[in-house]
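Source file: data_17.txt (compact mmCIF, C-alpha atoms and all ligand atoms)
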# COMPACT_ATOMS: atom_id res chain seq x y z
CA MET A 1 50.04 4.45 64.17
CA ALA A 2 50.79 8.02 64.82
CA SER A 3 53.89 8.00 62.64
CA GLN A 4 51.96 6.33 59.85
CA GLU A 5 49.36 9.05 59.94
CA THR A 6 52.06 11.66 60.00
CA ARG A 7 53.52 10.28 56.83
CA GLN A 8 50.12 10.31 55.23
CA ARG A 9 49.64 13.90 56.18
CA LYS A 10 53.01 15.03 54.90
CA GLY A 11 52.47 13.25 51.64
CA GLY A 12 49.04 14.71 51.21
CA ALA A 13 48.45 16.57 48.01
CA PRO A 14 47.57 20.23 48.37
CA PRO A 15 44.34 21.67 47.09
CA LYS A 16 44.83 22.40 43.45
CA SER A 17 44.91 26.09 42.82
CA GLY A 18 43.13 25.69 39.55
CA ASP A 19 40.11 24.30 41.31
CA ALA A 20 39.84 27.16 43.66
CA GLY A 21 37.67 29.35 41.51
CA LEU A 22 34.86 26.87 41.39
CA PRO A 23 32.62 25.43 44.01
CA MET A 24 34.81 22.69 45.30
CA THR A 25 33.77 19.24 46.19
CA ILE A 26 35.40 17.90 49.27
CA THR A 27 35.23 14.21 49.64
CA LYS A 28 35.78 13.06 53.15
CA SER A 29 35.25 9.83 54.89
CA ALA A 30 32.27 9.89 57.14
CA GLY A 31 33.22 10.84 60.64
CA SER A 32 36.79 11.53 59.68
CA ALA A 33 36.82 14.64 61.78
CA ALA A 34 36.15 12.56 64.79
CA THR A 35 38.66 9.86 64.05
CA GLY A 36 42.35 9.64 64.39
CA VAL A 37 42.47 7.59 67.52
CA GLY A 38 40.96 4.54 65.97
CA GLY A 39 42.97 1.58 64.88
CA THR A 40 43.25 -0.30 61.60
CA ALA A 41 39.76 -1.67 61.99
CA ASN A 42 38.34 1.80 62.02
CA HIS A 43 40.20 2.67 58.86
CA LEU A 44 38.90 -0.40 57.09
CA LYS A 45 35.43 0.43 58.27
CA LEU A 46 35.70 4.01 57.08
CA ALA A 47 37.03 2.93 53.70
CA MET A 48 33.82 1.02 53.11
CA VAL A 49 31.54 3.85 54.12
CA LYS A 50 30.11 5.85 51.30
CA PRO A 51 31.87 9.21 51.23
CA VAL A 52 29.93 12.21 52.39
CA VAL A 53 30.16 14.98 49.87
CA LYS A 54 30.42 18.44 51.32
CA MET A 55 30.50 21.62 49.34
CA ALA A 56 32.58 24.63 50.13
CA LYS A 57 32.82 27.66 47.93
CA VAL A 58 36.26 29.14 47.71
CA LYS A 59 36.48 32.57 46.21
CA ARG A 60 39.53 33.21 44.11
CA ASN A 61 40.31 36.70 42.92
CA LYS A 62 43.03 37.98 40.64
CA PHE A 63 44.21 40.31 43.41
CA GLY A 64 43.58 40.07 47.10
CA THR A 65 44.88 38.82 50.40
CA GLY A 66 42.98 35.57 50.56
CA PRO A 67 44.82 32.26 50.56
CA PHE A 68 43.53 31.37 47.10
CA ASP A 69 43.93 34.76 45.43
CA GLU A 70 46.38 34.79 42.57
CA HIS A 71 48.37 37.89 43.44
CA TRP A 72 48.83 39.43 46.85
CA LEU A 73 47.47 42.97 46.85
CA ASN A 74 45.39 44.70 49.48
CA LEU A 75 42.43 46.34 47.77
CA ASP A 76 41.84 48.83 50.57
CA CYS A 77 40.98 52.14 48.88
CA CYS A 78 42.87 54.27 51.40
CA GLY A 79 45.95 52.10 51.05
CA LEU A 80 45.84 52.16 47.26
CA PHE A 81 45.56 55.95 47.33
CA CYS A 82 48.51 56.30 49.72
CA ALA A 83 50.61 53.94 47.61
CA SER A 84 49.80 55.88 44.44
CA PHE A 85 50.56 59.13 46.24
CA THR A 86 53.92 57.71 47.27
CA TYR A 87 54.80 56.97 43.65
CA MET A 88 53.73 60.48 42.64
CA LEU A 89 55.94 61.99 45.32
CA HIS A 90 58.94 60.08 44.06
CA ALA A 91 58.11 61.06 40.48
CA TYR A 92 57.91 64.68 41.52
CA GLY A 93 61.24 64.40 43.32
CA VAL A 94 62.91 63.10 40.17
CA TYR A 95 61.27 65.81 38.06
CA ALA A 96 62.22 68.67 40.37
CA THR A 97 65.76 67.44 40.93
CA CYS A 98 66.73 66.25 37.47
CA LEU A 99 64.86 68.77 35.33
CA ILE A 100 64.59 71.88 37.51
CA LEU A 101 67.41 71.84 40.01
CA ILE A 102 70.37 70.41 38.12
CA PRO A 103 70.18 71.74 34.52
CA PRO A 104 70.74 75.46 35.21
CA TRP A 105 73.48 74.60 37.64
CA MET A 106 75.56 71.72 36.34
CA SER A 107 75.72 72.82 32.73
CA THR A 108 77.35 75.19 30.32
CA VAL A 109 75.70 77.55 27.86
CA ASP A 110 77.45 78.42 24.62
CA GLU A 111 77.21 81.67 22.73
CA ASP A 112 74.12 80.53 20.90
CA GLY A 113 72.35 79.88 24.16
CA VAL A 114 72.45 76.10 23.83
CA ARG A 115 72.77 74.39 27.19
CA THR A 116 74.94 71.33 27.66
CA ILE A 117 74.63 69.31 30.84
CA SER A 118 78.03 68.57 32.31
CA ALA A 119 79.28 65.09 33.13
CA ILE A 120 78.78 65.68 36.85
CA GLY A 121 75.25 66.82 36.07
CA HIS A 122 74.49 63.62 34.17
CA LEU A 123 76.07 61.60 36.96
CA ASN A 124 73.87 63.21 39.59
CA ARG A 125 70.75 62.77 37.48
CA VAL A 126 71.43 59.09 36.95
CA ALA A 127 72.34 58.52 40.59
CA PHE A 128 69.27 60.29 41.93
CA THR A 129 66.95 58.53 39.51
CA LEU A 130 68.49 55.20 40.45
CA VAL A 131 67.90 55.82 44.16
CA ALA A 132 64.29 56.82 43.48
CA LEU A 133 63.72 53.73 41.32
CA LEU A 134 65.14 51.47 44.02
CA ALA A 135 62.78 53.08 46.53
CA VAL A 136 59.80 52.63 44.23
CA TRP A 137 60.67 49.03 43.44
CA ALA A 138 61.19 48.23 47.12
CA HIS A 139 57.78 49.79 47.80
CA PHE A 140 56.15 47.76 45.05
CA LYS A 141 57.68 44.55 46.37
CA ALA A 142 56.67 45.40 49.93
CA MET A 143 53.11 46.02 48.74
CA THR A 144 52.74 42.93 46.57
CA THR A 145 54.62 40.41 48.68
CA ASN A 146 52.82 38.16 51.09
CA PRO A 147 53.91 39.56 54.47
CA GLY A 148 53.79 36.14 56.08
CA ALA A 149 50.11 35.25 56.25
CA VAL A 150 49.55 31.91 57.93
CA PRO A 151 48.31 29.52 55.25
CA PRO A 152 45.20 27.47 55.93
CA ASP A 153 47.14 24.23 55.85
CA ALA A 154 49.70 25.34 58.41
CA ILE A 155 50.61 22.68 60.93
CA PRO A 156 51.90 23.65 64.37
CA LEU A 157 55.47 22.59 64.88
CA GLU A 158 54.51 20.74 68.04
CA GLU A 159 52.09 18.56 66.11
CA ALA A 160 54.55 17.96 63.30
CA ASN A 161 57.34 17.05 65.68
CA ASN A 162 55.18 15.01 67.99
CA PRO A 163 51.89 13.94 66.45
CA ASP A 164 50.73 12.44 69.73
CA THR A 165 50.64 15.76 71.52
CA GLY A 166 47.68 18.04 71.61
CA ALA A 167 44.17 16.76 71.74
CA ASN A 168 42.76 13.37 71.11
CA GLY A 169 43.84 13.17 67.56
CA GLU A 170 41.08 15.18 66.02
CA GLY A 171 42.02 16.57 62.70
CA LYS A 172 44.90 14.24 61.99
CA GLY A 173 45.45 13.88 58.31
CA ASP A 174 43.24 16.85 57.55
CA GLY A 175 46.07 19.08 56.47
CA LYS A 176 45.15 19.04 52.81
CA ASN A 177 41.52 19.82 53.41
CA SER A 178 41.73 22.19 56.33
CA SER A 179 41.82 25.14 54.00
CA LEU A 180 38.46 24.21 52.64
CA MET A 181 36.80 23.80 55.99
CA VAL A 182 36.74 27.45 56.85
CA GLU A 183 33.16 27.85 55.73
CA ASP A 184 32.05 24.57 57.07
CA SER A 185 30.64 25.69 60.37
CA ALA A 186 29.56 22.18 61.18
CA GLN A 187 33.16 21.12 61.60
CA PRO A 188 34.56 21.05 65.09
CA PRO A 189 37.69 23.12 65.66
CA PRO A 190 40.82 21.15 64.87
CA ARG A 191 42.84 19.98 67.82
CA LYS A 192 42.22 21.41 71.22
CA GLY A 193 45.87 22.30 71.67
CA ARG A 194 45.97 24.63 68.71
CA ARG A 195 45.95 28.35 69.25
CA LEU A 196 43.27 29.61 66.93
CA CYS A 197 42.59 33.15 65.82
CA ARG A 198 39.17 34.28 66.97
CA ARG A 199 38.65 36.39 63.87
CA CYS A 200 39.88 34.31 60.94
CA ASN A 201 39.62 30.96 62.73
CA SER A 202 43.01 29.84 61.46
CA PHE A 203 45.92 28.44 63.40
CA LYS A 204 47.78 31.32 65.02
CA PRO A 205 51.47 30.78 65.69
CA LYS A 206 52.95 32.42 68.74
CA ARG A 207 54.53 35.26 66.82
CA ALA A 208 51.55 35.92 64.55
CA HIS A 209 49.05 38.72 64.91
CA HIS A 210 45.77 39.25 63.14
CA CYS A 211 45.44 42.23 60.80
CA SER A 212 41.90 43.51 60.49
CA ILE A 213 42.65 45.15 57.13
CA CYS A 214 44.34 42.18 55.48
CA LYS A 215 41.97 39.87 57.36
CA ARG A 216 44.79 37.40 57.89
CA CYS A 217 47.10 36.34 60.67
CA VAL A 218 50.62 37.51 59.81
CA VAL A 219 53.79 36.08 61.29
CA LYS A 220 55.97 38.69 63.01
CA MET A 221 53.54 41.44 62.07
CA ASP A 222 55.07 44.79 62.87
CA HIS A 223 52.25 47.04 61.75
CA HIS A 224 49.91 47.63 58.82
CA CYS A 225 51.47 50.45 56.85
CA PRO A 226 48.98 52.51 54.80
CA TRP A 227 51.81 54.00 52.75
CA VAL A 228 52.88 50.54 51.69
CA ASN A 229 49.27 49.34 51.59
CA ASN A 230 50.26 46.12 53.27
CA CYS A 231 51.20 44.57 56.54
CA VAL A 232 54.86 44.63 57.44
CA GLY A 233 55.75 41.12 58.49
CA ILE A 234 58.33 38.40 58.19
CA GLY A 235 57.80 38.08 54.44
CA ASN A 236 58.31 41.69 53.37
CA HIS A 237 60.19 43.32 56.22
CA LYS A 238 63.33 43.59 54.12
CA TYR A 239 61.47 45.35 51.32
CA PHE A 240 59.90 47.75 53.79
CA LEU A 241 63.27 48.60 55.31
CA LEU A 242 64.77 49.12 51.87
CA PHE A 243 61.86 51.36 50.92
CA ILE A 244 62.30 53.70 53.87
CA PHE A 245 66.10 53.57 53.47
CA TYR A 246 66.10 54.57 49.80
CA THR A 247 63.35 57.13 50.37
CA CYS A 248 65.38 58.71 53.16
CA LEU A 249 68.47 58.58 50.96
CA SER A 250 66.69 60.36 48.10
CA CYS A 251 65.44 63.05 50.50
CA VAL A 252 68.94 63.65 51.88
CA TYR A 253 70.35 63.61 48.35
CA SER A 254 67.92 66.21 47.02
CA LEU A 255 68.27 68.42 50.10
CA THR A 256 72.05 68.31 49.76
CA LEU A 257 71.81 69.34 46.11
CA VAL A 258 69.43 72.20 46.94
CA LEU A 259 71.73 73.50 49.67
CA MET A 260 74.81 73.20 47.46
CA ARG A 261 73.09 75.03 44.68
CA PHE A 262 71.84 77.71 47.04
CA PHE A 263 75.29 78.41 48.42
CA ASP A 264 76.84 78.14 44.98
CA CYS A 265 74.36 80.68 43.70
CA MET A 266 74.79 83.28 46.38
CA GLY A 267 78.07 82.33 48.03
CA ARG A 268 80.39 83.76 45.46
CA HIS A 269 78.52 86.98 45.05
CA GLY A 270 76.96 87.58 48.43
CA HIS A 271 73.48 87.77 47.00
CA ILE A 272 71.16 85.75 44.82
CA ARG A 273 71.59 86.63 41.19
CA THR A 274 68.46 85.58 39.45
CA HIS A 275 70.03 85.71 36.01
CA HIS A 276 73.19 83.88 36.90
CA ILE A 277 73.61 80.47 35.35
CA THR A 278 73.66 78.78 38.75
CA CYS A 279 70.35 80.33 39.74
CA LEU A 280 66.86 79.97 38.41
CA ASP A 281 65.96 79.94 34.75
CA ARG A 282 62.56 81.32 35.58
CA PRO A 283 61.22 82.72 38.85
CA THR A 284 58.37 80.19 38.76
CA GLN A 285 60.89 77.45 39.24
CA LEU A 286 61.31 78.68 42.78
CA MET A 287 57.97 77.05 43.59
CA ASN A 288 59.24 73.71 42.32
CA ILE A 289 62.37 74.02 44.41
CA LEU A 290 60.38 74.97 47.50
CA GLY A 291 58.05 72.03 46.92
CA LEU A 292 61.06 69.75 46.68
CA VAL A 293 62.50 71.15 49.90
CA VAL A 294 59.23 70.70 51.81
CA GLU A 295 58.81 67.17 50.49
CA ALA A 296 62.39 66.23 51.27
CA ILE A 297 62.25 67.62 54.82
CA LEU A 298 58.88 66.07 55.65
CA PHE A 299 59.50 62.61 54.29
CA GLY A 300 63.19 62.68 55.14
CA LEU A 301 62.36 63.22 58.82
CA PHE A 302 59.55 60.68 58.69
CA THR A 303 61.63 57.94 57.13
CA CYS A 304 64.59 58.80 59.34
CA CYS A 305 62.44 58.28 62.44
CA MET A 306 61.11 55.06 60.94
CA MET A 307 64.64 53.83 60.36
CA PHE A 308 65.61 54.43 63.98
CA ASP A 309 62.45 52.68 65.10
CA GLN A 310 63.01 49.76 62.79
CA ALA A 311 66.62 49.52 63.91
CA SER A 312 65.37 48.70 67.40
CA VAL A 313 62.91 46.19 65.91
CA VAL A 314 65.75 44.39 64.16
CA THR A 315 68.23 44.50 67.03
CA THR A 316 65.72 43.32 69.64
CA ASN A 317 63.81 41.01 67.29
CA LEU A 318 60.60 42.37 68.81
CA THR A 319 57.99 44.00 66.59
CA GLN A 320 56.02 47.05 67.60
CA ILE A 321 53.02 44.89 68.42
CA ASP A 322 55.18 42.58 70.51
CA ARG A 323 56.43 45.57 72.48
CA LEU A 324 52.92 46.93 72.94
CA LYS A 325 51.89 43.57 74.33
CA GLY A 326 54.82 43.52 76.70
CA GLY A 327 57.15 41.37 74.64
CA ILE A 328 57.18 37.70 73.92
CA ASP A 329 59.64 34.94 74.40
CA GLY A 330 60.80 35.40 70.84
CA GLY A 331 62.82 38.46 71.73
CA SER A 332 66.41 37.60 71.08
CA SER A 333 69.70 38.90 69.84
CA GLY A 334 70.25 41.38 67.07
CA LEU A 335 71.84 38.68 64.96
CA ALA A 336 68.67 36.61 65.09
CA GLY A 337 66.65 39.66 64.09
CA ALA A 338 69.01 40.43 61.23
CA ILE A 339 68.81 36.83 60.05
CA GLU A 340 65.04 37.04 59.90
CA VAL A 341 65.02 40.33 58.04
CA PHE A 342 67.98 40.04 55.70
CA GLY A 343 68.44 36.30 55.56
CA LEU A 344 71.94 36.04 56.91
CA ASN A 345 73.45 32.62 56.97
CA PRO A 346 75.02 32.11 60.39
CA LYS A 347 76.18 28.58 59.67
CA LYS A 348 78.55 29.38 56.82
CA ASN A 349 81.51 27.08 57.39
CA ASP A 350 80.67 27.25 61.07
CA THR A 351 82.84 30.31 61.34
CA GLY A 352 80.18 32.82 62.12
CA GLY A 353 77.81 35.00 60.22
CA ARG A 354 77.88 35.70 56.53
CA PHE A 355 76.30 38.77 55.10
CA ARG A 356 74.42 38.23 51.90
CA PRO A 357 75.90 40.60 49.35
CA ASP A 358 72.50 41.33 47.88
CA TRP A 359 70.79 42.38 51.09
CA LEU A 360 70.57 45.99 49.87
CA SER A 361 68.89 44.96 46.65
CA PRO A 362 65.09 44.92 46.47
CA PHE A 363 65.43 42.51 43.55
CA HIS A 364 66.35 39.58 45.78
CA HIS A 365 64.16 37.57 48.09
CA THR A 366 64.68 37.16 51.77
CA CYS A 367 66.35 33.83 52.36
CA PHE A 368 66.70 31.82 55.51
CA PRO A 369 68.91 28.88 56.25
CA SER A 370 66.53 26.00 55.64
CA SER A 371 67.24 24.66 59.11
CA LEU A 372 65.61 27.76 60.58
CA GLN A 373 62.65 28.04 58.22
CA ASP A 374 59.98 26.32 60.27
CA GLU A 375 61.32 27.64 63.55
CA ILE A 376 61.10 31.21 62.28
CA MET A 377 57.64 30.79 60.84
CA GLY A 378 56.26 28.89 63.81
CA PHE A 379 54.56 26.29 61.64
CA CYS A 380 55.25 23.87 58.87
CA ARG A 381 53.21 22.75 55.91
CA PRO A 382 52.40 19.46 54.32
CA CYS A 383 55.15 18.45 51.94
CA GLY A 384 52.68 18.41 49.09
CA SER A 385 52.00 22.10 49.55
CA ARG A 386 55.54 23.01 48.57
CA ARG A 387 54.67 23.61 45.02
CA GLY A 388 57.37 25.72 43.52
CA ASN A 389 57.76 29.42 43.74
CA GLY A 390 54.10 30.14 43.49
CA LYS A 391 54.34 31.87 40.16
CA ASP A 392 53.92 28.93 37.90
CA SER A 393 51.05 27.49 39.83
CA GLY A 394 49.36 30.80 40.32
CA ASP A 395 49.30 30.24 44.05
CA THR A 396 50.83 33.12 45.89
CA GLU A 397 50.35 31.78 49.37
CA MET A 398 53.70 31.68 51.11
CA SER A 399 55.28 28.51 49.85
CA PRO A 400 58.67 27.69 51.34
CA MET A 401 60.88 26.30 48.65
CA VAL A 402 64.05 24.54 49.60
CA ARG A 403 66.75 25.17 47.10
CA ASN A 404 70.38 24.41 47.68
CA GLY A 405 69.92 24.34 51.38
CA VAL A 406 68.28 27.73 51.46
CA ALA A 407 64.56 28.25 51.76
CA ASP A 408 63.08 31.28 50.05
CA ILE A 409 60.09 33.28 51.03
CA VAL A 410 58.31 34.11 47.85
ZN ZN B 501 43.54 35.84 62.26
ZN ZN B 502 47.47 44.17 57.17
Write the structure described by the file as structure tokens, please.
Amino acid sequence: MASQETRQRKGGAPPKSGDAGLPMTITKSAGSAATGVGGTANHLKLAMVKPVVKMAKVKRNKFGTGPFDEHWLNLDCCGLFCASFTYMLHAYGVYATCLILIPPWMSTVDEDGVRTISAIGHLNRVAFTLVALLAVWAHFKAMTTNPGAVPPDAIPLEEANNPDTGANGEGKGDGKNSSLMVEDSAQPPPRKGRRLCRRCNSFKPKRAHHCSICKRCVVKMDHHCPWVNNCVGIGNHKYFLLFIFYTCLSCVYSLTLVLMRFFDCMGRHGHIRTHHITCLDRPTQLMNILGLVVEAILFGLFTCCMMFDQASVVTTNLTQIDRLKGGIDGGSSGLAGAIEVFGLNPKKNDTGGRFRPDWLSPFHHTCFPSSLQDEIMGFCRPCGSRRGNGKDSGDTEMSPMVRNGVADIV
């Protein structure tokens, strides 16, 4: 009986995303919340009972962090300001480096006063702009990617592996409708064995923590970063690491150029020659250079510290919250942490780890070996909820998609 119900649950169709914007009608058999232990007779009896229609309003926004919102984006004003400020800082860095710092230095001026940027000048401009763009794109992906919010239809692994465990069967087969029961206060909590979040009332896997800003439980939540305007969790950890890495790289790059230019300007002559080609075109440009130096030092140090901190997060596989709470059983080897962040495939030909060549690219998703997907997330979902990459259906809730043996987090 239990296995039959399990099959029914896994084959259950998910709530259609297109219906989410309207008051939704949930048709449930009377007393279904209290069944699950009954036999065939009960099912036959329930099939003859007139369905009880319950209404639940599900709000669906274009942007938001709710399970039915189309695109993941935290609408916190402070976070949006910090994210915009981050983009402006990178834009200023590109402006000051490529248009103020390099042209008077890596160029030649002919007799008519026409300046020609040298090849090395063009190379540095392209390289610096590329690093800044990678940082900005990684930031954008970190901000707009679901960090690993537990979906409403999440099923604890223990229940999926052994449907007879837990409580007395309450809630069996409710996977497809559980998402719509959040506002139905009359419903009893599903399964006594489930660990529920006191704030969002959803199933809370062992490694999940509730974020009061996103208002969701996030798997492997490290912290809520105002600069990224999002939680840093299992779903966007790679993008966050790439963002601080490329930001730190751009700071070091610009500082190196400033120092090289400074010594090039005064080194040969022992003093700063304001009219020399390697020095400033105009004295006012000094303010731009100083602004660049302050920005590079401040954010270079900040991101450098973050990188050291995150290195310990990856190598210990314990997030900052886990460490504050004294650690959890999930703490494991650095390889396991790297797998979760960068999506290494440790089973390649059974000869050991395999680094994904695209792990430095913010244009690629984090991928896990499919065999580890549910174990990493701490829950599974009804098969019917695996509905593509989430873009076609407009549903941006984390939807594991198995493709060629690799499950993507999208
Ligand atoms: Zn929660
Ligand atoms: Zn958050």
Could you report the residues within 6 Å of ligand ZN 501 (chain B), using only C-alpha atoms and all ligand atoms, as a list in words?
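Listing the residues within 6 Å of ligand ZN 501 (chain B) gives Cys197, Arg199, Cys200, His210, Arg216 and Cys217 of chain A.
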Could I get the residues of chain A with an atom no further than 12 Å from an atom of ligand ZN 502 (chain B), each paired with its nearest atom pair and that distance in Å to one decimal, using all atoms listed in the file, sorted by chain and residue number, as a tab-separated table?
residue	atom	partner	partner_atom	distance
A:Gly64	CA	B:ZN502	ZN	11.5
A:Thr65	CA	B:ZN502	ZN	9.0
A:Gly66	CA	B:ZN502	ZN	11.7
A:Trp72	CA	B:ZN502	ZN	11.4
A:Leu73	CA	B:ZN502	ZN	10.4
A:Asn74	CA	B:ZN502	ZN	8.0
A:Leu75	CA	B:ZN502	ZN	10.9
A:Asp76	CA	B:ZN502	ZN	9.8
A:Gly79	CA	B:ZN502	ZN	10.1
A:Ala142	CA	B:ZN502	ZN	11.8
A:Met143	CA	B:ZN502	ZN	10.3
A:Thr144	CA	B:ZN502	ZN	11.9
A:Thr145	CA	B:ZN502	ZN	11.7
A:Asn146	CA	B:ZN502	ZN	10.1
A:Pro147	CA	B:ZN502	ZN	8.4
A:Gly148	CA	B:ZN502	ZN	10.3
A:Ala149	CA	B:ZN502	ZN	9.3
A:Ala208	CA	B:ZN502	ZN	11.8
A:His209	CA	B:ZN502	ZN	9.6
A:His210	CA	B:ZN502	ZN	7.9
A:Cys211	CA	B:ZN502	ZN	4.6
A:Ser212	CA	B:ZN502	ZN	6.5
A:Ile213	CA	B:ZN502	ZN	4.9
A:Cys214	CA	B:ZN502	ZN	4.1
A:Lys215	CA	B:ZN502	ZN	7.0
A:Arg216	CA	B:ZN502	ZN	7.3
A:Cys217	CA	B:ZN502	ZN	8.6
A:Val218	CA	B:ZN502	ZN	7.8
A:Val219	CA	B:ZN502	ZN	11.1
A:Lys220	CA	B:ZN502	ZN	11.7
A:Met221	CA	B:ZN502	ZN	8.3
A:Asp222	CA	B:ZN502	ZN	9.5
A:His223	CA	B:ZN502	ZN	7.2
A:His224	CA	B:ZN502	ZN	4.5
A:Cys225	CA	B:ZN502	ZN	7.5
A:Pro226	CA	B:ZN502	ZN	8.8
A:Trp227	CA	B:ZN502	ZN	11.6
A:Val228	CA	B:ZN502	ZN	10.0
A:Asn229	CA	B:ZN502	ZN	7.8
A:Asn230	CA	B:ZN502	ZN	5.2
A:Cys231	CA	B:ZN502	ZN	3.8
A:Val232	CA	B:ZN502	ZN	7.4
A:Gly233	CA	B:ZN502	ZN	8.9
A:Asn236	CA	B:ZN502	ZN	11.8
Distance criterion (only C-alpha atoms): nearest to Ile321 in chain A out of A:Arg60, A:Arg207, A:His71, A:Lys141:
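Nearest to Ile321 in chain A: A:Arg207.
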Counting all atoms listed in the file, the residue of A:Phe245, A:Ile289, A:Met266, A:Gly343 that sits nearest Gln310 in chain A
A:Phe245
For Ser84 in chain A, which of A:Cys305, A:Val136, A:Leu360, A:Cys380 is the closest residue, counting only C-alpha atoms?
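Looking at the shortest contact to Ser84 in chain A, the residue is A:Val136.
Counting only C-alpha atoms, the residue from A:Phe85, A:Ile120, A:Pro151, A:Ile297 that sits nearest to Phe68 in chain A is A:Pro151.
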Point-to-point distance in Å for CA of Thr129 in chain A and CA of Gly300 in chain A:
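Rounded to one decimal, the two atoms are 16.6 Å apart.
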For the atom pair CA of Leu280 in chain A and CA of Leu298 in chain A, what is the interatomic distance in Å to one decimal place?
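These atoms are spaced 23.5 Å apart.
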Using Å and a single decimal, report how far CA of Val313 in chain A sits from CA of Leu335 in chain A.
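For CA of Leu335 in chain A relative to CA of Val313 in chain A, the distance reads 11.7 Å.
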